[in-house]
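Undergrad: Data file entry_23.cif (mmCIF, C-alpha atoms and all ligand atoms) is appended below.
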```cif
data_target
#
loop_
_atom_site.label_atom_id
_atom_site.label_comp_id
_atom_site.auth_asym_id
_atom_site.auth_seq_id
_atom_site.Cartn_x
_atom_site.Cartn_y
_atom_site.Cartn_z
CA MET A 177 -2.04 -16.61 -4.29
CA ALA A 178 -4.31 -13.89 -5.66
CA ARG A 179 -7.26 -15.73 -4.11
CA ASP A 180 -5.53 -15.76 -0.72
CA LEU A 181 -5.13 -12.04 -0.96
CA LEU A 182 -8.80 -11.47 -1.64
CA ILE A 183 -10.30 -13.78 0.95
CA GLN A 184 -9.60 -12.76 4.49
CA THR A 185 -11.25 -14.78 7.23
CA LEU A 186 -11.14 -13.69 10.84
CA SER A 187 -12.20 -15.87 13.75
CA GLY A 188 -13.41 -14.83 17.18
CA LYS A 189 -9.84 -15.36 18.35
CA SER A 190 -8.28 -13.04 15.78
CA VAL A 191 -5.55 -10.75 17.06
CA ILE A 192 -6.25 -7.18 15.95
CA ALA A 193 -3.99 -4.16 15.59
CA GLY A 194 -4.42 -0.95 13.62
CA VAL A 195 -2.79 2.24 12.42
CA PHE A 196 -4.07 5.74 13.12
CA GLY A 197 -3.28 8.67 10.83
CA TRP A 198 -4.89 11.62 9.08
CA PRO A 199 -5.02 10.96 6.19
CA ILE A 200 -4.30 7.23 6.24
CA SER A 201 -4.82 6.16 2.63
CA HIS A 202 -1.12 6.66 1.74
CA SER A 203 0.12 4.39 4.53
CA ARG A 204 1.97 1.27 3.43
CA SER A 205 1.77 -0.29 6.90
CA PRO A 206 -1.43 -2.33 6.24
CA ARG A 207 0.25 -3.86 3.19
CA LEU A 208 3.38 -4.57 5.21
CA HIS A 209 1.67 -6.18 8.22
CA GLY A 210 -0.84 -7.90 5.95
CA TYR A 211 2.05 -9.57 4.11
CA TRP A 212 3.53 -10.90 7.35
CA LEU A 213 0.13 -12.08 8.66
CA ARG A 214 -0.46 -14.02 5.49
CA THR A 215 3.11 -15.35 5.23
CA TYR A 216 3.05 -16.68 8.79
CA GLY A 217 -0.57 -17.89 8.63
CA ILE A 218 -1.60 -15.80 11.63
CA ASP A 219 -5.29 -15.37 12.49
CA GLY A 220 -5.17 -11.61 12.77
CA ALA A 221 -5.75 -8.26 11.11
CA TYR A 222 -4.08 -4.88 10.85
CA VAL A 223 -6.62 -2.18 10.14
CA PRO A 224 -6.05 1.37 8.82
CA PHE A 225 -8.05 4.11 10.61
CA ALA A 226 -8.46 7.62 9.25
CA THR A 227 -8.47 9.41 12.59
CA HIS A 228 -9.13 13.14 12.74
CA PRO A 229 -6.83 14.92 15.23
CA ALA A 230 -9.87 15.91 17.30
CA LYS A 231 -10.73 12.20 17.72
CA LEU A 232 -7.26 10.84 18.40
CA GLU A 233 -7.65 10.55 22.16
CA GLN A 234 -10.99 8.74 21.81
CA ALA A 235 -9.50 6.38 19.22
CA ILE A 236 -6.49 5.47 21.35
CA ARG A 237 -8.57 5.06 24.52
CA ALA A 238 -10.93 2.72 22.66
CA LEU A 239 -8.21 0.14 21.92
CA PRO A 240 -8.41 -1.84 25.20
CA ALA A 241 -12.22 -1.82 25.16
CA LEU A 242 -12.25 -3.19 21.61
CA GLY A 243 -9.74 -5.92 22.47
CA PHE A 244 -6.96 -4.56 20.26
CA LYS A 245 -3.42 -5.68 21.04
CA GLY A 246 -2.07 -2.30 19.94
CA GLY A 247 -1.23 -0.39 16.81
CA ASN A 248 0.82 2.24 15.09
CA ILE A 249 0.55 6.00 15.14
CA THR A 250 1.50 7.88 12.00
CA LEU A 251 1.40 11.48 10.74
CA PRO A 252 0.34 13.88 12.12
CA HIS A 253 -0.29 12.25 15.51
CA LYS A 254 3.08 10.94 16.69
CA GLU A 255 3.99 13.82 19.02
CA ARG A 256 0.52 14.18 20.51
CA ALA A 257 0.18 10.46 21.15
CA LEU A 258 3.06 10.72 23.63
CA GLY A 259 0.74 12.57 26.00
CA LEU A 260 -2.20 10.22 25.45
CA VAL A 261 -0.66 6.88 26.47
CA ASP A 262 -0.61 5.60 30.07
CA GLU A 263 3.13 5.13 29.97
CA ALA A 264 5.84 5.89 27.42
CA THR A 265 9.18 4.12 27.10
CA PRO A 266 12.30 6.21 27.91
CA LEU A 267 13.18 6.07 24.20
CA ALA A 268 9.80 7.46 23.12
CA LYS A 269 10.18 10.23 25.69
CA ARG A 270 13.66 11.10 24.44
CA ILE A 271 12.46 11.18 20.84
CA GLY A 272 9.36 13.09 21.91
CA ALA A 273 6.97 10.95 19.87
CA VAL A 274 5.17 7.61 19.85
CA ASN A 275 4.72 5.39 16.78
CA THR A 276 3.86 2.04 18.40
CA LEU A 277 1.17 1.21 20.96
CA LEU A 278 0.93 -1.91 23.06
CA VAL A 279 -2.20 -2.75 25.07
CA ARG A 280 -1.00 -4.55 28.18
CA GLU A 281 -2.78 -7.31 30.13
CA ASP A 282 -4.19 -4.79 32.62
CA GLY A 283 -5.66 -2.71 29.78
CA SER A 284 -3.14 0.11 30.07
CA ILE A 285 -1.45 1.45 26.94
CA LEU A 286 2.33 1.59 26.52
CA GLY A 287 3.73 3.96 23.88
CA ASP A 288 7.06 3.25 22.22
CA ASN A 289 9.00 4.64 19.28
CA THR A 290 10.61 2.23 16.80
CA ASP A 291 11.51 4.72 14.03
CA GLY A 292 15.10 5.10 15.24
CA TYR A 293 15.43 1.33 15.61
CA GLY A 294 14.15 0.91 12.03
CA PHE A 295 16.55 3.53 10.74
CA LEU A 296 19.57 1.88 12.35
CA ALA A 297 18.55 -1.73 11.75
CA HIS A 298 18.24 -1.03 8.02
CA LEU A 299 21.60 0.76 7.98
CA ILE A 300 23.32 -2.17 9.72
CA ALA A 301 21.56 -4.76 7.54
CA SER A 302 22.58 -2.85 4.39
CA LYS A 303 26.14 -1.91 5.40
CA PRO A 304 27.32 -4.21 8.21
CA ASP A 305 30.86 -2.76 8.04
CA TRP A 306 29.76 0.80 8.72
CA ASN A 307 31.40 2.11 11.87
CA ALA A 308 29.33 4.60 13.87
CA ALA A 309 32.44 5.83 15.67
CA GLY A 310 34.21 6.48 12.37
CA GLY A 311 33.50 10.21 12.23
CA PRO A 312 30.86 12.94 12.29
CA ALA A 313 27.36 12.40 10.92
CA VAL A 314 25.55 15.19 9.06
CA VAL A 315 21.76 15.11 9.38
CA LEU A 316 19.66 17.32 7.12
CA GLY A 317 16.29 18.22 8.64
CA ALA A 318 14.89 18.72 12.13
CA GLY A 319 11.32 17.45 11.77
CA GLY A 320 9.65 14.44 13.33
CA ALA A 321 11.76 11.83 11.53
CA ALA A 322 14.99 13.67 12.32
CA ARG A 323 14.36 13.34 16.05
CA ALA A 324 14.31 9.53 15.87
CA VAL A 325 17.32 9.45 13.52
CA VAL A 326 19.38 11.76 15.74
CA VAL A 327 18.65 9.75 18.90
CA ALA A 328 19.47 6.47 17.09
CA LEU A 329 22.78 7.80 15.77
CA LEU A 330 23.89 9.21 19.14
CA GLU A 331 22.96 5.94 20.87
CA ALA A 332 24.87 4.01 18.18
CA GLY A 333 28.02 5.92 19.16
CA VAL A 334 28.37 8.65 16.53
CA PRO A 335 31.02 10.96 18.04
CA GLU A 336 29.61 14.21 16.63
CA LEU A 337 26.34 15.04 14.94
CA ILE A 338 26.00 18.08 12.70
CA LEU A 339 22.36 19.09 12.37
CA VAL A 340 21.41 21.30 9.43
CA ASN A 341 17.90 22.63 8.97
CA ARG A 342 16.21 25.36 6.95
CA THR A 343 14.72 26.74 10.17
CA THR A 344 17.77 26.94 12.43
CA ARG A 345 15.69 27.55 15.56
CA ARG A 346 13.94 24.19 15.10
CA ALA A 347 17.31 22.42 14.92
CA GLU A 348 18.48 24.24 18.05
CA GLU A 349 15.35 23.16 19.90
CA LEU A 350 15.84 19.57 18.81
CA ALA A 351 19.50 19.62 19.92
CA ALA A 352 18.57 21.09 23.30
CA ALA A 353 15.78 18.56 23.85
CA ILE A 354 17.89 15.53 22.92
CA GLY A 355 21.28 16.55 24.33
CA GLY A 356 24.61 14.95 23.37
CA ASN A 357 27.25 16.23 20.99
CA ILE A 358 25.05 17.99 18.40
CA LYS A 359 26.30 21.02 16.47
CA VAL A 360 23.67 23.07 14.66
CA LYS A 361 24.56 24.68 11.33
CA ALA A 362 22.56 27.00 9.10
CA TRP A 363 20.99 25.64 5.90
CA GLU A 364 23.42 27.76 3.82
CA GLU A 365 26.32 25.88 5.45
CA ARG A 366 25.10 22.43 4.44
CA GLU A 367 27.78 21.86 1.80
CA ALA A 368 30.67 23.07 4.00
CA ALA A 369 29.36 20.79 6.78
CA LEU A 370 30.07 17.72 4.62
CA ALA A 371 33.88 18.00 4.92
CA GLY A 372 35.17 15.05 6.96
CA ALA A 373 31.74 13.47 7.45
CA ASN A 374 31.38 9.69 7.85
CA LEU A 375 27.63 9.71 7.16
CA LEU A 376 25.11 12.01 5.47
CA VAL A 377 21.40 11.48 6.14
CA ASN A 378 18.54 13.31 4.47
CA THR A 379 15.51 13.47 6.76
CA THR A 380 13.86 16.43 5.01
CA ASN A 381 11.07 15.75 2.56
CA LEU A 382 13.11 17.40 -0.20
CA GLY A 383 13.59 15.05 -3.14
CA GLN A 384 10.34 13.23 -2.41
CA ALA A 385 7.93 12.94 -5.35
CA GLY A 386 5.85 16.12 -5.48
CA GLN A 387 8.26 18.09 -3.25
CA ALA A 388 11.07 20.50 -4.17
CA PRO A 389 14.45 18.98 -5.04
CA LEU A 390 17.21 18.73 -2.46
CA GLU A 391 19.93 21.06 -3.71
CA ILE A 392 23.29 20.05 -2.31
CA ALA A 393 26.69 19.63 -4.00
CA LEU A 394 28.54 16.65 -2.56
CA ASP A 395 32.05 17.80 -3.61
CA ARG A 396 33.30 18.16 -0.04
CA LEU A 397 31.90 14.83 1.21
CA PRO A 398 34.57 12.08 1.52
CA VAL A 399 33.91 9.32 -1.04
CA SER A 400 33.98 6.79 1.81
CA ALA A 401 31.02 8.45 3.57
CA LEU A 402 27.71 6.60 3.63
CA VAL A 403 24.75 8.49 2.15
CA TYR A 404 21.34 7.52 3.54
CA ASP A 405 18.09 9.06 2.27
CA ILE A 406 14.99 8.22 4.32
CA VAL A 407 12.73 9.47 1.52
CA TYR A 408 11.51 6.33 -0.29
CA VAL A 409 9.32 7.76 -3.06
CA PRO A 410 11.22 7.58 -5.35
CA LEU A 411 13.43 4.83 -4.00
CA LEU A 412 16.55 6.10 -5.75
CA THR A 413 16.39 9.83 -4.99
CA ASP A 414 18.50 12.41 -6.81
CA LEU A 415 20.69 12.58 -3.68
CA LEU A 416 21.34 8.83 -3.79
CA ARG A 417 21.95 8.95 -7.55
CA ALA A 418 24.51 11.75 -7.15
CA ALA A 419 26.21 9.94 -4.26
CA GLN A 420 26.32 6.66 -6.16
CA ALA A 421 27.76 8.36 -9.26
CA ARG A 422 30.75 9.65 -7.28
CA GLY A 423 31.33 6.32 -5.53
CA ASN A 424 29.75 6.82 -2.11
CA PRO A 425 27.99 3.81 -0.58
CA ILE A 426 24.24 4.45 -0.34
CA VAL A 427 21.24 3.28 1.72
CA ASP A 428 17.66 3.86 0.55
CA GLY A 429 14.63 4.70 2.71
CA ILE A 430 12.22 1.79 2.35
CA GLY A 431 14.11 -0.54 4.71
CA MET A 432 13.61 1.90 7.59
CA LEU A 433 9.85 1.55 7.14
CA LEU A 434 10.08 -2.24 7.03
CA HIS A 435 12.35 -2.59 10.07
CA GLN A 436 10.46 -0.09 12.27
CA ALA A 437 7.41 -2.36 11.96
CA ARG A 438 9.11 -5.46 13.35
CA PRO A 439 8.93 -4.80 17.14
CA GLY A 440 5.21 -3.95 16.94
CA PHE A 441 4.36 -7.02 14.89
CA ALA A 442 6.30 -9.27 17.28
CA ALA A 443 4.60 -7.77 20.35
CA TRP A 444 1.04 -7.98 18.95
CA PHE A 445 1.11 -11.16 16.92
CA GLY A 446 3.77 -13.17 18.82
CA ARG A 447 6.14 -13.84 15.96
CA GLU A 448 9.42 -12.10 15.02
CA PRO A 449 8.90 -11.17 11.36
CA ASP A 450 11.65 -11.14 8.75
CA VAL A 451 12.52 -8.35 6.36
CA THR A 452 13.06 -10.11 3.03
CA PRO A 453 13.50 -9.02 -0.60
CA GLU A 454 9.99 -10.40 -1.27
CA LEU A 455 8.47 -8.21 1.46
CA ARG A 456 10.34 -5.20 0.13
CA ALA A 457 9.05 -5.80 -3.40
CA PHE A 458 5.50 -6.37 -2.14
CA VAL A 459 5.43 -3.15 -0.09
CA LEU A 460 6.85 -1.23 -3.02
CA GLY A 461 4.05 -2.67 -5.13
CA GLU A 462 6.40 -4.34 -7.59
N1 LIG B 1 11.74 5.74 5.51
C1 LIG B 1 10.90 5.87 6.53
O1 LIG B 1 10.52 4.90 7.19
C2 LIG B 1 10.45 7.25 6.92
C3 LIG B 1 9.95 7.50 8.22
C4 LIG B 1 9.55 8.79 8.55
C5 LIG B 1 9.63 9.80 7.60
N2 LIG B 1 10.10 9.52 6.35
C6 LIG B 1 10.22 10.60 5.35
O2 LIG B 1 11.01 11.64 5.90
C7 LIG B 1 10.59 12.90 5.38
C8 LIG B 1 10.38 13.87 6.53
O3 LIG B 1 9.33 13.43 7.35
P1 LIG B 1 8.99 14.19 8.74
O4 LIG B 1 7.89 13.43 9.35
O5 LIG B 1 10.22 14.45 9.53
O6 LIG B 1 8.43 15.59 8.18
P2 LIG B 1 8.36 16.98 8.95
O7 LIG B 1 8.27 16.79 10.42
O8 LIG B 1 7.31 17.77 8.24
O9 LIG B 1 9.79 17.68 8.64
C9 LIG B 1 10.12 18.10 7.34
C10 LIG B 1 11.58 18.55 7.29
O10 LIG B 1 11.88 18.93 5.93
C11 LIG B 1 12.34 20.30 5.92
N3 LIG B 1 11.90 20.97 4.71
C12 LIG B 1 10.66 20.94 4.16
N4 LIG B 1 10.62 21.72 3.04
C13 LIG B 1 11.86 22.26 2.92
C14 LIG B 1 12.46 23.15 1.98
N5 LIG B 1 11.76 23.64 0.95
N6 LIG B 1 13.76 23.48 2.14
C15 LIG B 1 14.48 22.99 3.19
N7 LIG B 1 13.98 22.16 4.11
C16 LIG B 1 12.68 21.78 3.98
C17 LIG B 1 11.75 20.91 7.16
O11 LIG B 1 12.47 22.08 7.50
P3 LIG B 1 11.81 23.24 8.41
O12 LIG B 1 11.97 22.79 9.84
O13 LIG B 1 12.59 24.46 8.08
O14 LIG B 1 10.36 23.34 8.01
C18 LIG B 1 11.91 19.77 8.16
O15 LIG B 1 13.23 19.68 8.62
C19 LIG B 1 9.33 12.61 4.55
O16 LIG B 1 9.70 12.55 3.20
C20 LIG B 1 8.88 11.25 5.04
O17 LIG B 1 8.17 10.51 4.06
C21 LIG B 1 10.53 8.28 6.00
#
```
For the structure just supplied, provide its representation as structure tokens.

TA:
Amino acid sequence: MARDLLIQTLSGKSVIAGVFGWPISHSRSPRLHGYWLRTYGIDGAYVPFATHPAKLEQAIRALPALGFKGGNITLPHKERALGLVDEATPLAKRIGAVNTLLVREDGSILGDNTDGYGFLAHLIASKPDWNAAGGPAVVLGAGGAARAVVVALLEAGVPELILVNRTTRRAEELAAAIGGNIKVKAWEEREAALAGANLLVNTTNLGQAGQAPLEIALDRLPVSALVYDIVYVPLLTDLLRAAQARGNPIVDGIGMLLHQARPGFAAWFGREPDVTPELRAFVLGE
């Protein structure tokens, strides 16, 4: 097995995809796609590219010429990539960002966004009984990840979405851009906002290793409410620990990363990949 990992042989028929970010060294996507390529015995490669923002357009435009099937776009390029593709899916336009590229037969590039799909697919896989229509959802954060989460939750049928962000104006802009039943609350109101919620999602980077802690008392959150943290380093964040201790069901962040990769892999490499406990452990480096 270790030998298989070290020896990678590509043929002239290899299917190639890549991921563009700046920096890129932290990305777990090469490990994730590499696992699937090896598991399914596919003659292909998924290559990480450290792409400076000034070179992003050139990098994306080079994909058809180099024979790439497509790739992923990661931080900080997701919003800008929307304006650099030939066509964007309605979902990518609504989210306002692209994370998946597909080079079509005619050489044009389609941009899609699978972050919201990954968020929801992991939620449903983890808690199949969760009912989107069961009550309001509180989302903390209004950054790039929040946009995909908010769109996914509204499309899943959440009746009301309460959006809480440190910078209230950013949350208001997000709500206006996305539309639907979104109520914006100030960061100071985050604990009061939990009363009656059916779901709490953290999309801020608070609680992530190296970042400030997320300070929020959960007293007013119903014990039946699902608590979902999309931060995955550490896997069990302080928010999830606190929620678990008082009996709330919890969902961790790594599954979102794994599931968002599935549509891209299927489109490029022609095989629907599975999210398994083995994949999860491998990506986490266990
Ligand atoms: N599981 C997954 O697959 C997945 C996917 C994407 C992202 N993520 C994780 O999600 C997190 C956010 O990513 P992103 O791309 O959305 O980042 P981003 O666009 O930079 O947004 C960061 C968010 O965190 C808030 N924030 C930062 N510092 C804060 C503080 N001290 N107090 C209160 N709020 C603060 C920001 O509020 P302001 O607007 O006020 O600055 C903003 O809402 C990261 O930890 C990332 O790793 C996970």

Undergrad: For Gly283 (chain A), find every residue with an atom within 9 Å (counting only C-alpha atoms), except residues of its own chain fewer than 4 positions away, and show them as a PyMOL selection string.

TA: chain A and resi 239-241+243+279

Undergrad: Please tabulate, as a tab-separated table, the residues of region 355-402 of chain A that come within 9 Å of region 421-439 of chain A, each with its closest pair of atoms and the distance in Å to one decimal, counting all atoms listed in the file and ordering rows by chain, then residue number upward.

TA:
```
residue	atom	partner	partner_atom	distance
A:Leu394	CA	A:Arg422	CA	8.7
A:Leu397	CA	A:Asn424	CA	8.9
A:Pro398	CA	A:Asn424	CA	8.0
A:Val399	CA	A:Asn424	CA	5.0
A:Ser400	CA	A:Asn424	CA	5.8
A:Ala401	CA	A:Asn424	CA	6.0
A:Leu402	CA	A:Pro425	CA	5.1
```

Undergrad: Quick one: what's the axis-aligned box for ligand LIG 1 (chain B), all listed atoms, 3 Å on every side, centre and edges in Å to one decimal, as lines of an AutoDock Vina configuration file?

TA:
```
center_x = 10.9
center_y = 14.7
center_z = 5.7
size_x = 13.2
size_y = 25.6
size_z = 15.5
```

Undergrad: Ranking A:Leu213, A:Ala351, A:Leu242, A:Leu375 by minimum distance to Ala309 (chain A) and counting all atoms listed in the file, which one comes first?

TA: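 Closest residue, counting all atoms listed in the file: A:Leu375.
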
Undergrad: Quick one: everything within 12 Å of Gln387 (chain A), counting all atoms listed in the file, minus sequence neighbours fewer than 3 positions away in the same chain. Send it as an MDAnalysis selection string.

TA: chainID A and resid 380:384 390 407 409:410 413

Undergrad: Find the residues near Thr250 (chain A): any atom within 8 Å, counting all atoms listed in the file, skip ones fewer than 5 places away on the same chain, and give them as a PDB file with C-alpha atoms, keeping the file's coordinate frame.

TA:
```pdb
ATOM      1  CA  VAL A 195      -2.790   2.240  12.420  1.00  0.00           C
ATOM      2  CA  PHE A 196      -4.070   5.740  13.120  1.00  0.00           C
ATOM      3  CA  GLY A 197      -3.280   8.670  10.830  1.00  0.00           C
ATOM      4  CA  TRP A 198      -4.890  11.620   9.080  1.00  0.00           C
ATOM      5  CA  ASN A 275       4.720   5.390  16.780  1.00  0.00           C
TER       6      ASN A 275
END
```

Undergrad: Pick out the closest residue to Ser284 (chain A) from this set: A:Lys245, A:Asn307, A:Pro312, A:Trp363. Count all atoms listed in the file.

TA: A:Lys245

Undergrad: Write out as a list in words the residues lying within 12 Å of Ala353 (chain A), counting all atoms listed in the file and excluding same-chain residues fewer than 3 positions away.

TA: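 Counting only the stated atoms, we get Lys269, Arg270, Ile271, Gly272, Ala318, Arg323, Val326, Val327, Arg346, Ala347, Glu348, Glu349, Leu350, Gly356 and Ile358 of chain A.
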
Undergrad: Need the shell around Ile200 (chain A): protein/DNA/RNA residues with any atom at most 8 Å away, counting all atoms listed in the file. Skip same-chain ones fewer than 4 positions apart. Format as a list in words?

TA: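 Using all atoms listed in the file, the neighbours found are Phe196, Pro224, Phe225, Ala226 and Thr227 of chain A.
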
Undergrad: Looking at A:Ala322, A:Ala373, A:Ile285, A:Leu208, which one is nearest to ligand LIG 1 (chain B), with distances taken over all atoms listed in the file?

TA: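 The answer is A:Ala322, which sits nearest to ligand LIG 1 (chain B).
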
Undergrad: Between A:Ile236, A:Ala257, A:Ala393, A:Leu411, which has the minimum distance to ligand LIG 1 (chain B) (counting all atoms listed in the file)?

TA: A:Leu411

Undergrad: So what do you get for CA of Arg417 (chain A) versus CA of Val403 (chain A), distance-wise?

TA: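 According to the coordinates, CA of Arg417 (chain A) and CA of Val403 (chain A) are separated by 10.1 Å.
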
Undergrad: Between A:Thr185, A:Thr215, A:Asn378, A:Asn289, which is the closest to Leu267 (chain A) once you count all atoms listed in the file?

TA: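 The answer is A:Asn289, which sits nearest to Leu267 (chain A).
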
Undergrad: Taking (13.3, -10.1, 10.0) in the coordinates of the supplied file, I want to know which residues reach to within 12 Å of it, counting all atoms listed in the file; could you give the answer as a ChimeraX atom specification?

TA: /A:212,294,297-298,301,431,434-439,441-442,447-456

Undergrad: What would the file be for region 377-386 of chain A if you keep all heavy atoms and write it as a PDB file, in the first residue's frame?

TA:
```pdb
ATOM      1  N   VAL A 377     -25.564  26.959  12.757  1.00  0.00           N
ATOM      2  CA  VAL A 377     -24.377  26.657  11.953  1.00  0.00           C
ATOM      3  C   VAL A 377     -23.320  27.727  12.197  1.00  0.00           C
ATOM      4  O   VAL A 377     -23.620  28.923  12.087  1.00  0.00           O
ATOM      5  CB  VAL A 377     -24.694  26.651  10.431  1.00  0.00           C
ATOM      6  CG1 VAL A 377     -23.484  26.151   9.647  1.00  0.00           C
ATOM      7  CG2 VAL A 377     -25.911  25.822  10.116  1.00  0.00           C
ATOM      8  N   ASN A 378     -22.097  27.296  12.494  1.00  0.00           N
ATOM      9  CA  ASN A 378     -20.988  28.239  12.543  1.00  0.00           C
ATOM     10  C   ASN A 378     -20.254  28.221  11.217  1.00  0.00           C
ATOM     11  O   ASN A 378     -19.680  27.203  10.832  1.00  0.00           O
ATOM     12  CB  ASN A 378     -20.002  27.900  13.661  1.00  0.00           C
ATOM     13  CG  ASN A 378     -18.795  28.824  13.613  1.00  0.00           C
ATOM     14  OD1 ASN A 378     -18.933  30.027  13.402  1.00  0.00           O
ATOM     15  ND2 ASN A 378     -17.612  28.261  13.801  1.00  0.00           N
ATOM     16  N   THR A 379     -20.279  29.358  10.520  1.00  0.00           N
ATOM     17  CA  THR A 379     -19.487  29.478   9.282  1.00  0.00           C
ATOM     18  C   THR A 379     -18.388  30.526   9.449  1.00  0.00           C
ATOM     19  O   THR A 379     -17.739  30.883   8.465  1.00  0.00           O
ATOM     20  CB  THR A 379     -20.348  29.869   8.058  1.00  0.00           C
ATOM     21  OG1 THR A 379     -20.663  31.261   8.134  1.00  0.00           O
ATOM     22  CG2 THR A 379     -21.619  29.066   7.961  1.00  0.00           C
ATOM     23  N   THR A 380     -18.199  31.054  10.669  1.00  0.00           N
ATOM     24  CA  THR A 380     -17.063  31.958  10.891  1.00  0.00           C
ATOM     25  C   THR A 380     -15.817  31.093  11.054  1.00  0.00           C
ATOM     26  O   THR A 380     -15.911  29.872  11.204  1.00  0.00           O
ATOM     27  CB  THR A 380     -17.240  32.812  12.159  1.00  0.00           C
ATOM     28  OG1 THR A 380     -17.049  31.979  13.315  1.00  0.00           O
ATOM     29  CG2 THR A 380     -18.604  33.475  12.228  1.00  0.00           C
ATOM     30  N   ASN A 381     -14.659  31.739  11.051  1.00  0.00           N
ATOM     31  CA  ASN A 381     -13.459  30.931  11.328  1.00  0.00           C
ATOM     32  C   ASN A 381     -13.116  30.917  12.814  1.00  0.00           C
ATOM     33  O   ASN A 381     -12.067  30.403  13.199  1.00  0.00           O
ATOM     34  CB  ASN A 381     -12.284  31.367  10.461  1.00  0.00           C
ATOM     35  CG  ASN A 381     -12.119  32.856  10.423  1.00  0.00           C
ATOM     36  OD1 ASN A 381     -12.441  33.532  11.400  1.00  0.00           O
ATOM     37  ND2 ASN A 381     -11.631  33.374   9.318  1.00  0.00           N
ATOM     38  N   LEU A 382     -14.027  31.415  13.647  1.00  0.00           N
ATOM     39  CA  LEU A 382     -13.805  31.379  15.095  1.00  0.00           C
ATOM     40  C   LEU A 382     -13.859  29.931  15.577  1.00  0.00           C
ATOM     41  O   LEU A 382     -14.714  29.163  15.157  1.00  0.00           O
ATOM     42  CB  LEU A 382     -14.866  32.209  15.813  1.00  0.00           C
ATOM     43  CG  LEU A 382     -14.855  33.703  15.481  1.00  0.00           C
ATOM     44  CD1 LEU A 382     -16.014  34.417  16.174  1.00  0.00           C
ATOM     45  CD2 LEU A 382     -13.529  34.329  15.888  1.00  0.00           C
ATOM     46  N   GLY A 383     -12.920  29.583  16.446  1.00  0.00           N
ATOM     47  CA  GLY A 383     -12.862  28.210  16.946  1.00  0.00           C
ATOM     48  C   GLY A 383     -11.904  27.346  16.150  1.00  0.00           C
ATOM     49  O   GLY A 383     -11.552  26.239  16.560  1.00  0.00           O
ATOM     50  N   GLN A 384     -11.466  27.869  14.998  1.00  0.00           N
ATOM     51  CA  GLN A 384     -10.474  27.132  14.195  1.00  0.00           C
ATOM     52  C   GLN A 384      -9.118  27.255  14.880  1.00  0.00           C
ATOM     53  O   GLN A 384      -8.833  28.283  15.511  1.00  0.00           O
ATOM     54  CB  GLN A 384     -10.425  27.758  12.803  1.00  0.00           C
ATOM     55  CG  GLN A 384      -9.512  27.040  11.839  1.00  0.00           C
ATOM     56  CD  GLN A 384      -9.563  27.659  10.446  1.00  0.00           C
ATOM     57  OE1 GLN A 384     -10.637  27.928   9.924  1.00  0.00           O
ATOM     58  NE2 GLN A 384      -8.411  27.886   9.866  1.00  0.00           N
ATOM     59  N   ALA A 385      -8.281  26.239  14.745  1.00  0.00           N
ATOM     60  CA  ALA A 385      -6.940  26.276  15.338  1.00  0.00           C
ATOM     61  C   ALA A 385      -6.226  27.541  14.879  1.00  0.00           C
ATOM     62  O   ALA A 385      -6.229  27.859  13.686  1.00  0.00           O
ATOM     63  CB  ALA A 385      -6.160  25.038  14.895  1.00  0.00           C
ATOM     64  N   GLY A 386      -5.665  28.285  15.831  1.00  0.00           N
ATOM     65  CA  GLY A 386      -4.940  29.511  15.493  1.00  0.00           C
ATOM     66  C   GLY A 386      -5.806  30.757  15.419  1.00  0.00           C
ATOM     67  O   GLY A 386      -5.299  31.860  15.248  1.00  0.00           O
TER      68      GLY A 386
END
```
